[in-house]
$ cat coords30.cif   # mmCIF, C-alpha atoms
data_run
#
loop_
_atom_site.label_atom_id
_atom_site.label_comp_id
_atom_site.auth_asym_id
_atom_site.auth_seq_id
_atom_site.Cartn_x
_atom_site.Cartn_y
_atom_site.Cartn_z
CA MET A 370 110.51 88.79 110.06
CA ASP A 371 107.05 87.19 110.09
CA LYS A 372 103.89 88.93 108.93
CA SER A 373 102.97 90.10 112.43
CA GLY A 374 106.40 91.66 112.86
CA ASN A 375 106.14 93.16 109.41
CA PHE A 376 102.81 94.71 110.33
CA CYS A 377 104.09 96.09 113.65
CA PHE A 378 106.90 97.83 111.77
CA PHE A 379 104.30 99.17 109.33
CA ILE A 380 102.23 100.63 112.18
CA HIS A 381 105.30 102.14 113.84
CA MET A 382 106.32 103.95 110.66
CA LEU A 383 102.84 105.30 109.99
CA GLU A 384 102.42 106.47 113.56
CA SER A 385 105.62 108.44 113.20
CA MET A 386 103.81 110.26 110.37
CA HIS A 387 100.81 110.96 112.63
CA HIS A 388 98.66 108.29 110.99
CA THR A 389 97.55 104.84 112.04
CA ILE A 390 96.49 101.90 109.95
CA SER A 391 94.13 99.02 110.43
CA GLN A 392 95.56 95.51 110.22
CA LYS A 393 93.02 94.92 107.46
CA VAL A 394 95.17 97.02 105.12
CA ALA A 395 98.14 94.68 105.51
CA GLU A 396 95.79 91.72 105.04
CA ILE A 397 94.35 93.27 101.85
CA PHE A 398 97.83 93.90 100.47
CA ASP A 399 98.97 90.37 101.27
CA LEU A 400 95.85 88.76 99.79
CA TYR A 401 96.20 90.79 96.61
CA THR A 402 99.82 89.70 96.33
CA GLU A 403 99.00 86.03 96.94
CA LEU A 404 96.18 86.13 94.39
CA HIS A 405 97.99 87.90 91.56
CA ASP A 406 101.67 87.49 92.47
CA ILE A 407 101.99 91.27 92.40
CA ARG A 408 103.94 92.80 95.28
CA ILE A 409 102.40 95.91 96.85
CA SER A 410 104.79 98.35 98.49
CA LEU A 411 104.03 101.38 100.62
CA PHE A 412 106.44 104.31 100.76
CA SER A 413 106.59 107.32 103.05
CA PRO A 414 106.04 110.80 101.56
CA ASP A 415 109.81 111.14 101.09
CA GLY A 416 110.02 107.83 99.24
CA LYS A 417 111.32 105.51 101.96
CA LEU A 418 110.02 101.94 101.89
CA ILE A 419 107.60 101.30 104.77
CA TYR A 420 105.95 98.03 103.82
CA PRO A 421 106.57 95.20 103.26
CA ASP A 422 109.83 94.25 104.92
CA ALA A 423 112.41 93.19 102.34
CA VAL A 424 112.94 89.90 104.19
CA GLY A 425 109.29 89.04 104.76
CA ARG A 426 108.26 89.76 101.18
CA PRO A 427 111.28 90.60 99.00
CA ASN A 428 111.33 92.06 95.52
CA CYS A 429 111.08 89.61 92.66
CA ARG A 430 114.29 87.67 92.21
CA HIS A 431 114.96 89.30 88.84
CA CYS A 432 114.87 92.79 90.37
CA THR A 433 116.97 91.73 93.35
CA MET A 434 119.68 90.39 91.04
CA LEU A 435 119.73 93.67 89.12
CA ARG A 436 119.88 95.78 92.25
CA GLU A 437 122.41 93.77 94.22
CA THR A 438 124.60 92.00 91.66
CA LEU A 439 124.61 94.45 88.75
CA GLY A 440 124.63 97.47 91.07
CA LEU A 441 121.49 99.09 89.65
CA ASP A 442 119.83 99.87 92.98
CA SER A 443 120.36 103.63 92.67
CA LYS A 444 118.96 103.63 89.14
CA CYS A 445 115.86 101.77 90.33
CA ARG A 446 115.39 104.18 93.23
CA GLU A 447 115.81 107.22 91.01
CA LEU A 448 113.10 105.95 88.69
CA ASP A 449 110.80 105.19 91.63
CA HIS A 450 111.19 108.73 92.95
CA GLU A 451 110.71 110.24 89.49
CA MET A 452 107.44 108.37 88.99
CA MET A 453 106.28 109.22 92.53
CA GLY A 454 106.77 112.87 91.60
CA ALA A 455 104.76 112.42 88.41
CA ALA A 456 101.95 110.67 90.29
CA LEU A 457 101.91 113.38 92.96
CA GLU A 458 101.74 116.13 90.34
CA ARG A 459 98.77 114.43 88.64
CA ARG A 460 97.28 113.27 91.96
CA GLU A 461 96.51 109.91 90.36
CA MET A 462 98.02 106.51 89.58
CA VAL A 463 100.79 106.43 86.99
CA THR A 464 101.65 103.21 85.13
CA TYR A 465 105.04 102.71 83.49
CA THR A 466 107.60 100.15 82.31
CA CYS A 467 110.91 100.37 84.12
CA HIS A 468 114.39 100.15 82.59
CA ALA A 469 114.44 96.40 83.38
CA GLY A 470 111.28 95.65 81.37
CA MET A 471 108.99 95.33 84.41
CA MET A 472 105.62 97.07 84.60
CA GLU A 473 104.87 99.02 87.77
CA ALA A 474 102.34 101.56 88.95
CA VAL A 475 102.51 104.19 91.66
CA ALA A 476 99.77 106.25 93.26
CA PRO A 477 99.89 109.01 95.87
CA LEU A 478 98.00 108.17 99.04
CA PHE A 479 96.03 111.02 100.58
CA VAL A 480 94.18 110.95 103.92
CA GLU A 481 92.10 114.03 104.78
CA ASN A 482 93.86 115.74 101.86
CA GLU A 483 97.25 115.14 103.49
CA LEU A 484 99.90 113.11 101.66
CA VAL A 485 100.53 109.95 103.69
CA GLY A 486 102.82 108.30 101.17
CA PHE A 487 102.85 106.33 97.94
CA VAL A 488 101.60 102.86 97.15
CA MET A 489 103.19 100.82 94.37
CA PRO A 490 102.02 97.52 92.86
CA GLY A 491 104.63 95.62 90.82
CA GLN A 492 106.61 93.94 89.34
CA PHE A 493 105.08 92.14 86.36
CA ARG A 494 105.36 92.01 82.59
CA SER A 495 102.98 92.73 79.76
CA LYS A 496 102.66 90.13 77.02
CA ALA A 497 103.82 92.89 74.69
CA ALA A 498 107.12 93.21 76.56
CA PRO A 499 110.34 91.86 75.00
CA ALA A 500 110.98 88.17 75.67
CA THR A 501 114.55 88.92 76.76
CA SER A 502 115.64 90.93 79.78
CA PRO A 503 117.33 94.21 78.78
CA TYR A 504 120.24 93.17 81.00
CA SER A 505 120.59 89.52 79.98
CA ARG A 506 123.68 90.13 77.85
CA GLN A 507 125.41 92.14 80.57
CA TRP A 508 124.62 89.42 83.09
CA LYS A 509 125.92 86.67 80.80
CA ARG A 510 129.09 88.66 80.15
CA GLU A 511 129.76 89.38 83.84
CA GLN A 512 128.36 86.26 85.53
CA GLY A 513 128.79 83.65 82.81
CA ASN A 514 125.30 82.16 83.03
CA TYR A 515 121.65 82.73 82.07
CA ALA A 516 120.26 83.00 85.62
CA LEU A 517 118.95 86.54 85.11
CA GLN A 518 117.07 85.61 81.96
CA SER A 519 115.60 82.60 83.73
CA GLU A 520 114.29 84.80 86.55
CA TYR A 521 113.00 87.33 84.03
CA GLU A 522 110.97 84.63 82.35
CA SER A 523 109.54 83.50 85.69
CA THR A 524 108.01 86.91 86.52
CA PRO A 525 104.21 87.20 86.14
CA VAL A 526 102.99 87.99 82.63
CA PHE A 527 99.55 89.43 81.86
CA PRO A 528 97.80 90.56 78.68
CA GLU A 529 97.08 94.28 78.47
CA GLU A 530 93.38 93.87 79.20
CA LYS A 531 94.14 91.85 82.34
CA ILE A 532 96.60 94.50 83.52
CA GLU A 533 93.91 97.14 83.14
CA ILE A 534 91.55 95.04 85.28
CA LEU A 535 94.20 94.38 87.93
CA LEU A 536 95.00 98.07 88.27
CA SER A 537 91.32 99.06 88.27
CA MET A 538 90.73 96.57 91.08
CA PHE A 539 93.68 98.04 92.94
CA ARG A 540 92.26 101.57 92.61
CA LEU A 541 88.96 100.37 94.06
CA LEU A 542 90.76 98.69 96.95
CA MET A 543 92.55 101.93 97.77
CA GLU A 544 89.27 103.86 97.61
CA PHE A 545 87.76 101.29 99.98
CA ILE A 546 90.69 101.62 102.37
CA ILE A 547 90.43 105.41 102.50
CA SER A 548 86.62 105.66 102.60
CA ASN A 549 86.45 103.18 105.46
CA GLN A 550 89.06 105.07 107.48
CA LEU A 551 91.42 102.06 107.48
CA ILE A 552 94.22 104.59 107.26
CA HIS A 553 93.49 107.69 109.28
CA HIS A 554 94.93 110.49 111.34
CA LYS A 555 95.68 109.36 114.89
CA ASP A 556 93.26 111.96 116.27
CA TYR A 557 90.46 110.10 114.48
CA ASP A 558 90.63 107.44 117.19
CA LEU A 559 89.58 110.02 119.79
CA ILE A 560 86.35 110.92 118.00
CA GLN A 561 85.63 107.52 116.44
CA PRO A 562 83.02 106.63 119.13
CA VAL A 563 81.15 109.83 118.30
CA ILE A 564 81.23 109.16 114.57
CA GLU A 565 80.04 105.59 115.13
CA ARG A 566 77.14 106.89 117.26
CA MET A 567 76.16 109.33 114.52
CA GLN A 568 76.33 106.66 111.84
CA GLY A 569 74.59 103.98 113.90
CA SER A 570 71.70 106.14 115.12
CA PRO A 571 71.28 109.08 112.73
CA GLU A 572 67.69 109.57 113.89
CA LYS A 573 68.88 110.44 117.39
CA GLY A 574 70.21 113.94 117.72
CA LEU A 575 73.65 114.15 119.29
CA SER A 576 74.66 117.37 121.01
CA LEU A 577 78.25 118.52 121.28
CA GLU A 578 78.04 118.24 125.07
CA THR A 579 76.84 114.62 124.87
CA ALA A 580 79.56 113.79 122.36
CA ALA A 581 82.16 115.31 124.68
CA ARG A 582 80.98 113.16 127.59
CA LEU A 583 81.04 110.11 125.35
CA VAL A 584 84.78 110.44 124.73
CA GLY A 585 85.78 112.13 127.96
CA ARG A 586 86.90 115.37 126.34
CA SER A 587 85.74 118.96 126.53
CA PRO A 588 83.24 120.24 123.94
CA SER A 589 85.88 122.61 122.56
CA THR A 590 88.34 119.72 122.10
CA VAL A 591 85.76 117.58 120.28
CA SER A 592 84.86 120.50 118.04
CA ARG A 593 88.53 121.14 117.25
CA LEU A 594 89.22 117.48 116.49
CA PHE A 595 86.23 117.21 114.16
CA LYS A 596 87.48 120.16 112.17
CA LYS A 597 91.04 118.85 112.12
CA VAL A 598 90.22 115.27 111.14
CA THR A 599 87.14 115.61 108.92
CA GLY A 600 87.45 119.15 107.63
CA LEU A 601 84.03 119.97 109.12
CA SER A 602 82.98 121.22 112.51
CA PHE A 603 80.83 119.01 114.74
CA LYS A 604 77.35 120.15 113.73
CA PRO A 605 78.05 120.52 109.97
CA TYR A 606 79.56 117.01 109.99
CA GLN A 607 76.42 115.56 111.58
CA VAL A 608 74.12 117.44 109.18
CA ASN A 609 76.20 116.42 106.17
CA HIS A 610 76.14 112.75 107.22
CA ARG A 611 72.36 112.80 107.66
CA LEU A 612 71.76 114.43 104.28
CA GLU A 613 74.14 112.05 102.48
CA LEU A 614 72.26 109.16 104.08
CA ALA A 615 68.94 110.68 103.01
CA ALA A 616 70.20 111.01 99.44
CA ASP A 617 71.09 107.32 99.39
CA GLN A 618 67.68 106.39 100.78
CA LEU A 619 65.83 108.54 98.26
CA LYS A 620 67.43 106.55 95.45
CA ALA A 621 67.22 103.16 97.14
CA ARG A 622 63.57 103.57 98.21
CA PRO A 623 61.87 105.50 95.38
CA ASN A 624 58.35 104.81 96.67
CA CYS A 625 59.00 105.77 100.27
CA PRO A 626 57.48 109.15 101.29
CA VAL A 627 60.04 111.92 101.72
CA ALA A 628 58.67 112.67 105.20
CA GLU A 629 59.35 109.09 106.28
CA ILE A 630 62.94 109.24 105.08
CA ALA A 631 63.37 112.59 106.82
CA LEU A 632 62.10 111.14 110.08
CA ALA A 633 64.41 108.11 109.77
CA ILE A 634 67.46 110.39 109.80
CA GLY A 635 66.27 112.68 112.59
CA TYR A 636 64.20 115.37 110.88
CA GLU A 637 60.69 115.54 112.35
CA ASP A 638 59.85 118.58 110.22
CA ALA A 639 59.77 117.49 106.57
CA LEU A 640 59.73 121.09 105.37
CA TYR A 641 62.86 121.91 107.36
CA PHE A 642 64.49 118.75 105.96
CA SER A 643 63.62 119.79 102.40
CA ARG A 644 65.20 123.22 102.89
CA ALA A 645 68.39 121.66 104.31
CA PHE A 646 68.47 119.12 101.50
CA ARG A 647 68.07 121.81 98.82
CA LYS A 648 70.86 123.87 100.39
CA LYS A 649 73.27 120.94 100.04
CA PHE A 650 72.18 119.38 96.73
CA ASN A 651 70.64 122.41 94.96
CA CYS A 652 67.39 120.56 94.40
CA SER A 653 64.43 119.23 96.37
CA PRO A 654 64.36 115.62 97.62
CA SER A 655 61.71 114.76 95.00
CA GLU A 656 63.78 116.31 92.22
CA TYR A 657 66.85 114.43 93.42
CA ARG A 658 65.10 111.13 92.80
CA THR A 659 64.75 111.96 89.12
CA LEU A 660 68.39 112.87 88.56
#
$ encode --input "coords30.cif" --output "structure tokens"
Amino acid sequence: MDKSGNFCFFIHMLESMHHTISQKVAEIFDLYTELHDIRISLFSPDGKLIYPDAVGRPNCRHCTMLRETLGLDSKCRELDHEMMGAALERREMVTYTCHAGMMEAVAPLFVENELVGFVMPGQFRSKAAPATSPYSRQWKREQGNYALQSEYESTPVFPEEKIEILLSMFRLLMEFIISNQLIHHKDYDLIQPVIERMQGSPEKGLSLETAARLVGRSPSTVSRLFKKVTGLSFKPYQVNHRLELAADQLKARPNCPVAEIALAIGYEDALYFSRAFRKKFNCSPSEYRTL
């Protein structure tokens, strides 16, 4: 299966879980793999492999030999599920060394506070890992050669400090993917034009009725979708976006008058803006600049 077919399968699986994904996510995963030789896998909430396809981007040869020839597939799967459970309980990435000496990491993937699945970068070795595969003797005894050890030695090896950087970069990539709505609830597509209008022209007030006409839905439907997808109703979402933008501008433009920043995001009354800002951030706009 080529990459396009791989990606179509990826989309199909996510849509069955009521989420869609931008092609950029698959591109990010593939680029990360090409750059670091670290395979990134995505699993459904129940632990089923979604991406990549085993043919298009298989496991490392060492792991494949263990799973298929030595019959350790169930042991590998059990460990994967155990670590997914640990990551879900902590709600953060968990790094571990598997029974075959390979380092892996797994992180739960949440979208709008809903578990979409798990993402797992692997398999690679730390320089501190043993030089010999834990299963090299068994392989030699059963297969009569050193092929497993040879594949073990060919897996990527990184010093501890490099591993920390690689995983930190991966965390940032996942934060980027989520914050930019590259994986989102399917209903997000229905209100995306409204969100883009709010973000592109924050100074222009957008009524619920206008938003409804923009997407060809009733005002009640738009209001319901905003609450469902973003966790906020229509008006609170718009207010929150404006105030978050104002907070960024207050820091980025320390010499700009507060009234000018207020006007730029749609508040003609600077006093009203200050009251709204204080309600959200528990301080005045001027005080916020000093924090």
$ axis_aligned_box --input "coords30.cif" --around "stretch 434-444 of chain A" --padding-each-side "8 Å" --output "JSON"
{"center_x": 121.8, "center_y": 97.0, "center_z": 91.5, "size_x": 21.7, "size_y": 29.2, "size_z": 21.5}
$ residues_around --input "coords30.cif" --residues "A:Val463" --least-positions-apart "2" --cutoff "12 Å" --atoms "only C-alpha atoms" --output "ChimeraX atom specification"
/A:449,451-461,465-466,472-477,487-490,536,540
$ residues_around --input "coords30.cif" --residues "A:Phe595" --least-positions-apart "4" --cutoff "12 Å" --atoms "all atoms listed in the file" --output "list in words"
Glu481, His554, Asp556, Tyr557, Asp558, Leu559, Ile560, Gln561, Val563, Ile564, Leu577, Ala580, Ala581, Pro588, Ser589, Thr590, Val591, Thr599, Gly600, Leu601, Ser602, Phe603, Lys604, Pro605, Tyr606 and Gln607 of chain A
$ residues_around --input "coords30.cif" --residues "A:Tyr636" --least-positions-apart "2" --cutoff "12 Å" --atoms "all atoms listed in the file" --output "PyMOL selection string"
chain A and resi 571-574+608+611-612+615+627-634+638-646
$ write_last_selection --input "coords30.cif" --atoms "C-alpha atoms" --output "PDB file, in the coordinates of the input"
ATOM      1  CA  PRO A 571      71.280 109.080 112.730  1.00  0.00           C
ATOM      2  CA  GLU A 572      67.690 109.570 113.890  1.00  0.00           C
ATOM      3  CA  LYS A 573      68.880 110.440 117.390  1.00  0.00           C
ATOM      4  CA  GLY A 574      70.210 113.940 117.720  1.00  0.00           C
ATOM      5  CA  VAL A 608      74.120 117.440 109.180  1.00  0.00           C
ATOM      6  CA  ARG A 611      72.360 112.800 107.660  1.00  0.00           C
ATOM      7  CA  LEU A 612      71.760 114.430 104.280  1.00  0.00           C
ATOM      8  CA  ALA A 615      68.940 110.680 103.010  1.00  0.00           C
ATOM      9  CA  VAL A 627      60.040 111.920 101.720  1.00  0.00           C
ATOM     10  CA  ALA A 628      58.670 112.670 105.200  1.00  0.00           C
ATOM     11  CA  GLU A 629      59.350 109.090 106.280  1.00  0.00           C
ATOM     12  CA  ILE A 630      62.940 109.240 105.080  1.00  0.00           C
ATOM     13  CA  ALA A 631      63.370 112.590 106.820  1.00  0.00           C
ATOM     14  CA  LEU A 632      62.100 111.140 110.080  1.00  0.00           C
ATOM     15  CA  ALA A 633      64.410 108.110 109.770  1.00  0.00           C
ATOM     16  CA  ILE A 634      67.460 110.390 109.800  1.00  0.00           C
ATOM     17  CA  ASP A 638      59.850 118.580 110.220  1.00  0.00           C
ATOM     18  CA  ALA A 639      59.770 117.490 106.570  1.00  0.00           C
ATOM     19  CA  LEU A 640      59.730 121.090 105.370  1.00  0.00           C
ATOM     20  CA  TYR A 641      62.860 121.910 107.360  1.00  0.00           C
ATOM     21  CA  PHE A 642      64.490 118.750 105.960  1.00  0.00           C
ATOM     22  CA  SER A 643      63.620 119.790 102.400  1.00  0.00           C
ATOM     23  CA  ARG A 644      65.200 123.220 102.890  1.00  0.00           C
ATOM     24  CA  ALA A 645      68.390 121.660 104.310  1.00  0.00           C
ATOM     25  CA  PHE A 646      68.470 119.120 101.500  1.00  0.00           C
TER      26      PHE A 646
END
$ atom_distance --input "coords30.cif" --atom1 "atom CA of A:Ser537" --atom2 "atom CA of A:His431"
25.6 Å
$ resolve_selection --input "coords30.cif" --expression "the PyMOL selection byres ((chain A and resi 521) around 9)" --output "list in words"
Arg430, His431, Cys432, Gly470, Met471, Ala500, Thr501, Ser502, Ser505, Ala516, Leu517, Gln518, Ser519, Glu520, Glu522, Ser523 and Thr524 of chain A
$ residues_around --input "coords30.cif" --residues "A:Lys496" --least-positions-apart "6" --cutoff "8 Å" --atoms "all atoms listed in the file" --output "mmCIF file with C-alpha atoms, keeping the file's coordinate frame"
data_model
loop_
_atom_site.group_PDB
_atom_site.id
_atom_site.type_symbol
_atom_site.label_atom_id
_atom_site.label_comp_id
_atom_site.auth_asym_id
_atom_site.auth_seq_id
_atom_site.Cartn_x
_atom_site.Cartn_y
_atom_site.Cartn_z
ATOM 1 C CA VAL A 526 102.990 87.990 82.630
ATOM 2 C CA PHE A 527 99.550 89.430 81.860
ATOM 3 C CA PRO A 528 97.800 90.560 78.680
ATOM 4 C CA GLU A 529 97.080 94.280 78.470
#
$ closest_residue --input "coords30.cif" --among "A:Ile532, A:Ala469, A:Val598, A:Leu404" --to "A:Ser495" --atoms "all atoms listed in the file"
A:Ile532
$ atom_distance --input "coords30.cif" --atom1 "atom CA of A:Ile419" --atom2 "atom CA of A:Lys531"
27.8 Å
$ atom_distance --input "coords30.cif" --atom1 "atom CA of A:Arg566" --atom2 "atom CA of A:Arg582"
12.7 Å
$ residues_around --input "coords30.cif" --residues "A:Thr659" --least-positions-apart "4" --cutoff "12 Å" --atoms "all atoms listed in the file" --output "list in words"
Ala616, Leu619, Lys620, Pro623, Cys652, Ser653, Pro654 and Ser655 of chain A
$ closest_residue --input "coords30.cif" --among "A:Ala621, A:Leu439, A:Val485, A:Leu575" --to "A:Arg506" --atoms "only C-alpha atoms"
A:Leu439
$ decode --input "coords30.cif" --residues "stretch 461-481 of chain A" --atoms "C-alpha atoms" --output "CSV table (one decimal), in the first residue's frame"
chain,number,residue,atom,x,y,z
A,461,GLU,CA,1.1,11.9,29.8
A,462,MET,CA,3.8,10.2,27.8
A,463,VAL,CA,5.4,7.2,29.3
A,464,THR,CA,8.9,6.0,28.2
A,465,TYR,CA,10.0,2.4,28.7
A,466,THR,CA,12.4,-0.3,27.5
A,467,CYS,CA,10.6,-3.4,26.1
A,468,HIS,CA,11.4,-7.0,26.8
A,469,ALA,CA,13.5,-7.1,23.5
A,470,GLY,CA,15.8,-4.2,24.6
A,471,MET,CA,14.0,-1.6,22.4
A,472,MET,CA,13.1,1.8,23.8
A,473,GLU,CA,9.5,3.0,23.1
A,474,ALA,CA,7.2,5.7,24.3
A,475,VAL,CA,3.4,6.0,24.3
A,476,ALA,CA,1.2,9.0,24.9
A,477,PRO,CA,-2.6,9.2,25.1
A,478,LEU,CA,-4.1,11.5,22.5
A,479,PHE,CA,-7.0,13.7,23.6
A,480,VAL,CA,-9.1,15.9,21.4
A,481,GLU,CA,-11.6,18.2,23.2
